[in-house]
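Note: the block below is protein.tsv and it holds TSV, C-alpha atoms.
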```
chain	number	residue	atom	x	y	z
A	1	MET	CA	0.00	0.00	0.00
A	2	LYS	CA	2.80	2.37	0.95
A	3	LYS	CA	4.68	1.53	-2.24
A	4	THR	CA	1.60	2.28	-4.34
A	5	PHE	CA	1.17	5.66	-2.62
A	6	VAL	CA	4.82	6.57	-3.23
A	7	LEU	CA	4.53	5.65	-6.91
A	8	PHE	CA	1.36	7.74	-7.15
A	9	VAL	CA	3.09	10.79	-5.66
A	10	LEU	CA	6.19	10.39	-7.81
A	11	PHE	CA	4.57	9.74	-11.17
A	12	VAL	CA	0.86	10.51	-11.26
A	13	LEU	CA	0.70	13.83	-9.39
A	14	PRO	CA	3.34	15.55	-11.57
A	15	VAL	CA	1.40	14.56	-14.70
A	16	VAL	CA	-1.87	15.85	-13.24
A	17	ALA	CA	-0.18	19.10	-12.23
A	18	TYR	CA	1.30	19.53	-15.70
A	19	LEU	CA	-2.06	18.98	-17.38
A	20	PHE	CA	-3.72	21.45	-15.01
A	21	PHE	CA	-1.23	24.24	-15.67
A	22	ALA	CA	-1.05	23.52	-19.39
A	23	THR	CA	-4.81	23.80	-19.63
A	24	GLY	CA	-4.72	27.03	-17.62
A	25	VAL	CA	-2.20	28.58	-20.01
A	26	ASN	CA	-3.99	27.48	-23.15
A	27	ASN	CA	-7.35	28.77	-21.91
A	28	PHE	CA	-5.90	31.85	-20.23
A	29	GLY	CA	-8.43	34.66	-20.00
A	30	LYS	CA	-7.42	38.19	-20.91
A	31	LEU	CA	-8.31	41.21	-18.84
A	32	PRO	CA	-10.99	43.05	-20.85
A	33	VAL	CA	-10.27	46.31	-22.65
A	34	LEU	CA	-12.76	48.90	-21.40
A	35	GLN	CA	-11.47	51.95	-23.26
A	36	GLU	CA	-9.03	52.18	-26.15
A	37	ASN	CA	-6.51	54.94	-26.85
A	38	VAL	CA	-6.28	56.56	-23.44
A	39	SER	CA	-4.47	59.88	-23.71
A	40	ASN	CA	-0.74	59.13	-23.40
A	41	ILE	CA	1.10	60.53	-20.39
A	42	SER	CA	3.71	61.74	-22.89
A	43	THR	CA	1.34	64.58	-23.79
A	44	ILE	CA	2.01	65.93	-20.28
A	45	ASP	CA	5.60	64.78	-19.73
A	46	SER	CA	7.59	63.95	-22.87
A	47	GLY	CA	9.98	61.81	-20.82
A	48	LYS	CA	7.24	59.38	-19.77
A	49	THR	CA	4.95	57.10	-21.77
A	50	PHE	CA	2.32	54.39	-21.45
A	51	THR	CA	3.63	52.71	-24.60
A	52	ASP	CA	5.23	49.30	-23.96
A	53	LYS	CA	4.55	49.63	-20.23
A	54	ILE	CA	1.93	48.17	-17.92
A	55	SER	CA	0.99	51.24	-15.93
A	56	ILE	CA	-0.93	51.83	-12.73
A	57	LEU	CA	-2.45	55.29	-13.14
A	58	VAL	CA	-3.14	57.33	-10.00
A	59	PHE	CA	-4.75	60.77	-9.62
A	60	LEU	CA	-3.74	62.60	-6.43
A	61	GLY	CA	-4.47	66.06	-7.78
A	62	ASP	CA	-4.24	69.06	-5.46
A	63	ASN	CA	-4.46	67.35	-2.08
A	64	VAL	CA	-1.70	64.78	-1.67
A	65	SER	CA	-1.58	64.98	2.13
A	66	ASP	CA	-5.07	63.51	2.49
A	67	LYS	CA	-4.24	60.66	0.10
A	68	LYS	CA	-0.96	59.42	1.57
A	69	GLY	CA	-2.66	56.34	2.98
A	70	LEU	CA	-3.77	55.41	-0.52
A	71	ILE	CA	-0.17	55.54	-1.75
A	72	PHE	CA	1.14	53.42	1.09
A	73	ASN	CA	-1.59	50.83	0.45
A	74	LEU	CA	-0.57	50.65	-3.20
A	75	ASN	CA	3.10	50.46	-2.31
A	76	GLN	CA	2.63	47.55	0.08
A	77	LYS	CA	0.04	45.55	-1.84
A	78	ILE	CA	0.81	46.22	-5.52
A	79	TYR	CA	4.15	47.95	-6.10
A	80	LYS	CA	6.30	45.68	-3.95
A	81	ARG	CA	4.70	42.60	-5.45
A	82	PHE	CA	5.21	43.54	-9.12
A	83	ALA	CA	8.08	46.07	-9.22
A	84	GLU	CA	10.50	43.36	-10.34
A	85	PHE	CA	8.90	43.34	-13.80
A	86	THR	CA	10.84	45.64	-16.11
A	87	ASP	CA	7.75	46.76	-18.04
A	88	PHE	CA	5.76	47.72	-14.94
A	89	GLN	CA	5.36	51.29	-13.62
A	90	PHE	CA	3.27	53.62	-11.48
A	91	VAL	CA	2.20	56.99	-12.90
A	92	VAL	CA	0.89	59.48	-10.34
A	93	LEU	CA	-0.57	62.84	-11.36
A	94	VAL	CA	-0.44	65.86	-9.06
A	95	THR	CA	-0.78	69.60	-9.52
A	96	PRO	CA	2.34	71.84	-9.38
A	97	SER	CA	1.41	73.12	-5.90
A	98	GLN	CA	2.06	69.63	-4.52
A	99	GLU	CA	5.73	69.28	-5.53
A	100	LYS	CA	7.10	69.77	-1.99
A	101	VAL	CA	4.60	67.33	-0.51
A	102	ILE	CA	5.51	64.80	-3.19
A	103	GLU	CA	9.21	65.08	-2.39
A	104	ASP	CA	8.45	64.32	1.25
A	105	LEU	CA	6.19	61.41	0.22
A	106	LYS	CA	8.85	59.92	-2.04
A	107	TYR	CA	11.33	60.12	0.82
A	108	GLU	CA	8.91	58.24	3.10
A	109	ILE	CA	8.24	55.57	0.46
A	110	GLY	CA	11.97	55.26	-0.14
A	111	LYS	CA	12.41	54.07	3.42
A	112	LEU	CA	10.26	51.07	2.54
A	113	THR	CA	11.18	50.20	-1.04
A	114	ASP	CA	13.04	51.19	-4.20
A	115	THR	CA	11.10	54.04	-5.81
A	116	ASP	CA	12.52	53.75	-9.35
A	117	LYS	CA	9.16	52.83	-10.85
A	118	TRP	CA	7.16	55.44	-8.99
A	119	ASN	CA	6.66	58.30	-11.47
A	120	PHE	CA	5.16	61.43	-9.90
A	121	ILE	CA	4.20	63.86	-12.65
A	122	THR	CA	2.99	67.42	-12.20
A	123	ALA	CA	0.20	68.60	-14.49
A	124	SER	CA	-2.26	71.45	-14.67
A	125	PRO	CA	-5.86	70.80	-13.59
A	126	SER	CA	-6.97	70.90	-17.24
A	127	GLN	CA	-4.32	68.35	-18.26
A	128	ILE	CA	-5.35	66.07	-15.41
A	129	GLN	CA	-9.02	66.38	-16.37
A	130	THR	CA	-8.28	65.66	-20.04
A	131	LEU	CA	-6.37	62.49	-19.21
A	132	PHE	CA	-9.02	61.32	-16.77
A	133	SER	CA	-11.82	61.97	-19.27
A	134	SER	CA	-10.03	59.83	-21.86
A	135	LEU	CA	-10.54	56.81	-19.56
A	136	GLY	CA	-14.24	56.92	-20.38
A	137	THR	CA	-15.34	55.92	-16.88
A	138	LYS	CA	-18.67	56.63	-15.23
A	139	GLU	CA	-16.84	58.27	-12.33
A	140	GLY	CA	-15.54	61.81	-12.00
A	141	LEU	CA	-12.65	63.56	-10.31
A	142	SER	CA	-13.22	65.32	-7.01
A	143	LYS	CA	-12.93	69.11	-6.79
A	144	ASP	CA	-9.22	68.72	-5.95
A	145	TYR	CA	-8.65	66.76	-9.21
A	146	GLY	CA	-8.04	63.50	-7.42
A	147	THR	CA	-9.77	60.16	-6.91
A	148	SER	CA	-9.26	57.08	-4.75
A	149	LEU	CA	-9.67	54.92	-7.85
A	150	VAL	CA	-6.55	53.68	-9.64
A	151	PHE	CA	-6.47	52.28	-13.16
A	152	ILE	CA	-4.59	49.65	-15.17
A	153	ILE	CA	-3.30	50.87	-18.55
A	154	ASP	CA	-1.84	48.28	-20.93
A	155	LYS	CA	1.14	48.56	-23.29
A	156	GLU	CA	-1.05	49.82	-26.12
A	157	GLY	CA	-2.50	52.60	-24.00
A	158	ASN	CA	-5.85	50.92	-23.34
A	159	LEU	CA	-7.75	50.89	-20.05
A	160	ARG	CA	-8.15	47.37	-18.69
A	161	GLY	CA	-10.71	46.28	-16.12
A	162	ARG	CA	-13.64	43.95	-15.47
A	163	THR	CA	-16.87	43.58	-17.40
A	164	ASP	CA	-18.50	41.16	-14.95
A	165	ASP	CA	-17.34	42.20	-11.50
A	166	GLU	CA	-19.55	40.62	-8.84
A	167	ASP	CA	-20.07	43.94	-7.07
A	168	GLU	CA	-20.03	46.58	-9.81
A	169	GLY	CA	-20.61	44.88	-13.12
A	170	VAL	CA	-18.22	46.96	-15.23
A	171	LYS	CA	-15.22	47.83	-13.06
A	172	TYR	CA	-13.02	50.62	-14.42
A	173	GLY	CA	-10.75	51.17	-11.44
A	174	PHE	CA	-9.83	49.91	-7.99
A	175	ASP	CA	-10.41	51.74	-4.72
A	176	ALA	CA	-6.92	52.14	-3.29
A	177	THR	CA	-8.26	53.13	0.12
A	178	SER	CA	-9.55	49.56	0.47
A	179	VAL	CA	-6.85	47.02	1.31
A	180	ALA	CA	-9.42	44.27	0.76
A	181	GLU	CA	-10.12	45.44	-2.80
A	182	LEU	CA	-6.43	45.65	-3.63
A	183	THR	CA	-5.83	42.21	-2.17
A	184	ASN	CA	-8.89	40.40	-3.49
A	185	LYS	CA	-9.26	42.04	-6.91
A	186	MET	CA	-6.45	44.26	-8.12
A	187	ILE	CA	-3.62	41.83	-7.42
A	188	ASP	CA	-5.39	39.18	-9.49
A	189	ASP	CA	-6.01	41.54	-12.40
A	190	VAL	CA	-2.41	42.77	-12.51
A	191	ARG	CA	-1.26	39.15	-12.49
A	192	ILE	CA	-3.57	38.40	-15.41
A	193	ILE	CA	-2.30	41.21	-17.61
A	194	LEU	CA	1.35	40.48	-16.82
A	195	ALA	CA	0.81	36.79	-17.63
A	196	GLU	CA	-1.02	37.75	-20.83
A	197	TYR	CA	1.97	39.65	-22.17
A	198	ARG	CA	4.45	37.00	-21.10
A	199	LEU	CA	2.42	34.30	-22.82
A	200	ALA	CA	2.32	36.39	-25.99
A	201	LEU	CA	6.09	36.88	-25.77
A	202	LYS	CA	6.68	33.14	-25.41
A	203	LYS	CA	4.49	32.42	-28.44
A	204	ASN	CA	6.31	35.03	-30.52
A	205	ASN	CA	9.71	33.63	-29.52
A	206	ALA	CA	8.57	30.09	-30.33
A	207	THR	CA	7.36	31.23	-33.77
A	208	ARG	CA	10.69	32.90	-34.51
A	209	VAL	CA	12.61	29.76	-33.54
A	210	LYS	CA	10.53	27.71	-35.97
```
For this file, write the structure as structure tokens.
Amino acid sequence: MKKTFVLFVLFVLPVVAYLFFATGVNNFGKLPVLQENVSNISTIDSGKTFTDKISILVFLGDNVSDKKGLIFNLNQKIYKRFAEFTDFQFVVLVTPSQEKVIEDLKYEIGKLTDTDKWNFITASPSQIQTLFSSLGTKEGLSKDYGTSLVFIIDKEGNLRGRTDDEDEGVKYGFDATSVAELTNKMIDDVRIILAEYRLALKKNNATRVK
């Protein structure tokens, strides 16, 4: 009996595991595109771009001090988990009046992690509004040009999200003030889009080899 169990563990389980993961890859679901051609961040800062990057887009606007908790939630739950990927970045929009506050915030974040992929970009209220409007969401910015919602932008500059979220139906963004939402929803969706691009890269490399 013991010998049979050992043989099962050594030979059968690895095959079952392989078939499970192979099936998962072949039937891998993509994160839906909710809005195409989001305005590129390069229109605000020529040194930054959404192109060829998976971006987490954040709007802090004119009141960074009240939204620090949101940034620390994102840093702990999302940034630290995915910062190792070279094509991953955070893009955070603030108004020019917030530059000093941002410097202090970056210093605080730097005590916890490498901040290389945190991009804090200053923009006028009209520039912030134009970029936000291009997302095509049902939501709006607050009077300080910020929002607790953060958004996933793919390498082609499209907004990704959920079309069948159990709570909202169509889900454009994730509430960064909610650790539960970041943990239970956003982490999964970032994983999906990263895996999607890596699967596409593997297929392209395999085609070139042939």
Close residues, range 146-150 of chain A itself excluded, 9 Å, all atoms listed in the file, min 6 positions apart in chain, as an MDAnalysis selection string: chainID A and resid 56:64 67 70 93:94 128 140 172:177
CA of Ser178 in chain A to CA of Phe120 in chain A, straight-line distance in Å: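 Separation between CA of Phe120 in chain A and CA of Ser178 in chain A: 21.6 Å.
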Among listed residues A:Lys138, A:Lys171, A:Lys30, A:Arg191, nearest Phe151 in chain A (using all atoms listed in the file):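 Going through A:Lys138, A:Lys171, A:Lys30, A:Arg191 one by one, the smallest distance to Phe151 in chain A is for A:Lys171.
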CA of Gly161 in chain A to CA of Thr86 in chain A, straight-line distance in Å: 21.6 Å
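In this structure, CA of Asp154 in chain A sits 24.2 Å away from CA of Thr95 in chain A.
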Residue contacts of range 164-170 of chain A (12 Å, only C-alpha atoms) excluding same-chain residues fewer than 2 positions away, as a ChimeraX atom specification: /A:31-35,136-139,160-162,172-174,181,184-186,189
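With only C-alpha atoms as the atoms that count, the minimum distance from Asn73 in chain A to the choices A:Thr183, A:Glu103, A:Leu199, A:Ile44 is reached by A:Thr183.
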For Ile109 in chain A: contacts at 9 Å, only C-alpha atoms, fewer than 6 positions along chain excluded, given as a PyMOL selection string: chain A and resi 71-72+75+115
Residues as selected, C-alpha atoms, written as a PDB file, in the coordinates of the input, can you do that?
```pdb
ATOM      1  CA  ILE A  71      -0.170  55.540  -1.750  1.00  0.00           C
ATOM      2  CA  PHE A  72       1.140  53.420   1.090  1.00  0.00           C
ATOM      3  CA  ASN A  75       3.100  50.460  -2.310  1.00  0.00           C
ATOM      4  CA  THR A 115      11.100  54.040  -5.810  1.00  0.00           C
TER       5      THR A 115
END
```
Option closest in space to Trp118 in chain A, from A:Ile41, A:Ala83, A:Ala195, A:Val101 [counting all atoms listed in the file]: A:Ala83
Nearest to Glu108 in chain A by atom-to-atom distance, counting only C-alpha atoms, from A:Asn158, A:Lys68, A:Asp188, A:Ile54: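 Under the stated criterion, the closest residue is A:Lys68.
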Contacts of Gly157 in chain A within 8 Å, all atoms listed in the file, excl. fewer than 5 positions in-chain, as a list in words: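 Counting all atoms listed in the file, the residues come to Glu36, Asn37, Val38, Ser39, Asn40, Phe50 and Thr51 of chain A.
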Among listed residues A:Gln127, A:Gln76, A:Gly69, A:Leu112, nearest Pro96 in chain A (using all atoms listed in the file): A:Gln127
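With only C-alpha atoms as the atoms that count, the residue of A:Val91, A:Val190, A:Ala200, A:Val179 with the shortest distance to Leu74 in chain A is A:Val179.
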